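Following: one structure in structure tokens, then a few remarks.
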Amino acid sequence: MALSKELSRSIVSKFGANENDTGNTKVQIALLTKRIEQLTEHSNRFPKDTSAKRGMMKAVGQRKRFLKYLMRTDLEGYRALIKELGLRK
């Protein structure tokens, strides 16, 4: 259920400064968003899998903290990122 290497590389190259920029906040938010989408699909197929639900909720909380940090430090980058990822409004 983890992200494939090819998908991770494509996300890192799209949102990072280069292909090795995995620590960038925008990259981490994008990776968490993709992971949350996968876990949501899994939870819909297997509603009794509480471990997956717990992992999804932890990822949602972590993404929320990253978004809060990004909003504090780079408001324009935050707005562009949530628009590109389709988060919020």
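Each chain of the structure tokens is named A, B, ... in the order shown, its residues numbered from 1; ligands are numbered from 1 in display order.
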Next on the checklist: List the spatial neighbours of range 20-25 of chain A as a VMD selection string - criterion: any atom at most 9 Å away, only C-alpha atoms, same-chain residues fewer than 3 positions off excluded.
Outcome noted: chain A and resid 9 12 to 13 15 to 17 28 to 30 66 to 67 69 to 70
Selected residues written out, N, CA, C and O atoms, as a short mmCIF file (atom, residue, chain, number, x, y, z; two decimals), in the first residue's frame:
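Resulting contents of result-v7.cif:
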data_model
loop_
_atom_site.label_atom_id
_atom_site.label_comp_id
_atom_site.auth_asym_id
_atom_site.auth_seq_id
_atom_site.Cartn_x
_atom_site.Cartn_y
_atom_site.Cartn_z
N ARG A 9 8.80 9.60 -7.28
CA ARG A 9 9.74 10.41 -8.06
C ARG A 9 9.04 11.48 -8.87
O ARG A 9 9.53 12.60 -8.97
N VAL A 12 7.96 14.25 -6.50
CA VAL A 12 9.12 15.02 -6.04
C VAL A 12 9.64 15.93 -7.15
O VAL A 12 9.94 17.10 -6.91
N SER A 13 9.70 15.43 -8.37
CA SER A 13 10.20 16.27 -9.46
C SER A 13 9.22 17.38 -9.81
O SER A 13 9.62 18.46 -10.24
N PHE A 15 6.97 18.94 -7.61
CA PHE A 15 6.81 19.94 -6.56
C PHE A 15 8.12 20.41 -5.94
O PHE A 15 8.15 21.42 -5.25
N GLY A 16 9.21 19.69 -6.17
CA GLY A 16 10.49 20.06 -5.58
C GLY A 16 11.34 20.90 -6.51
O GLY A 16 11.03 21.07 -7.69
N ALA A 17 12.42 21.43 -5.98
CA ALA A 17 13.34 22.22 -6.78
C ALA A 17 14.12 21.32 -7.75
O ALA A 17 14.43 21.73 -8.86
N GLN A 28 6.45 17.17 0.62
CA GLN A 28 5.91 16.32 1.67
C GLN A 28 4.39 16.39 1.71
O GLN A 28 3.71 15.36 1.90
N ILE A 29 3.83 17.58 1.51
CA ILE A 29 2.37 17.72 1.49
C ILE A 29 1.79 16.96 0.31
O ILE A 29 0.77 16.27 0.45
N ALA A 30 2.42 17.05 -0.85
CA ALA A 30 1.92 16.36 -2.03
C ALA A 30 1.99 14.84 -1.85
O ALA A 30 1.06 14.12 -2.21
N PHE A 66 1.79 20.49 8.32
CA PHE A 66 2.64 21.00 7.24
C PHE A 66 1.98 22.18 6.54
O PHE A 66 2.63 23.18 6.23
N LEU A 67 0.67 22.09 6.30
CA LEU A 67 -0.04 23.18 5.63
C LEU A 67 -0.05 24.43 6.50
O LEU A 67 0.09 25.56 5.99
N TYR A 69 2.22 25.27 8.70
CA TYR A 69 3.57 25.82 8.62
C TYR A 69 3.79 26.57 7.31
O TYR A 69 4.32 27.68 7.29
N LEU A 70 3.36 25.98 6.21
CA LEU A 70 3.54 26.61 4.91
C LEU A 70 2.75 27.91 4.82
O LEU A 70 3.23 28.89 4.24
#
Item to check | All residues 12 Å or closer to range 34-41 of chain A, only C-alpha atoms, same chain fewer than 5 positions away omitted, as a PyMOL selection string | outcome: chain A and resi 1-4+7-8+10-12+27-29+46-47+49-64+85-87
Item to check | Secondary structure check, helix (DSSP H, G or I) residues of chain A, as a VMD selection string | outcome: chain A and resid 5 to 15 25 to 45 50 to 73 75 to 85
Checklist entry - To one decimal place, how far is CA of Ile82 in chain A from CA of Lys68 in chain A in Å? => result 11.7 Å
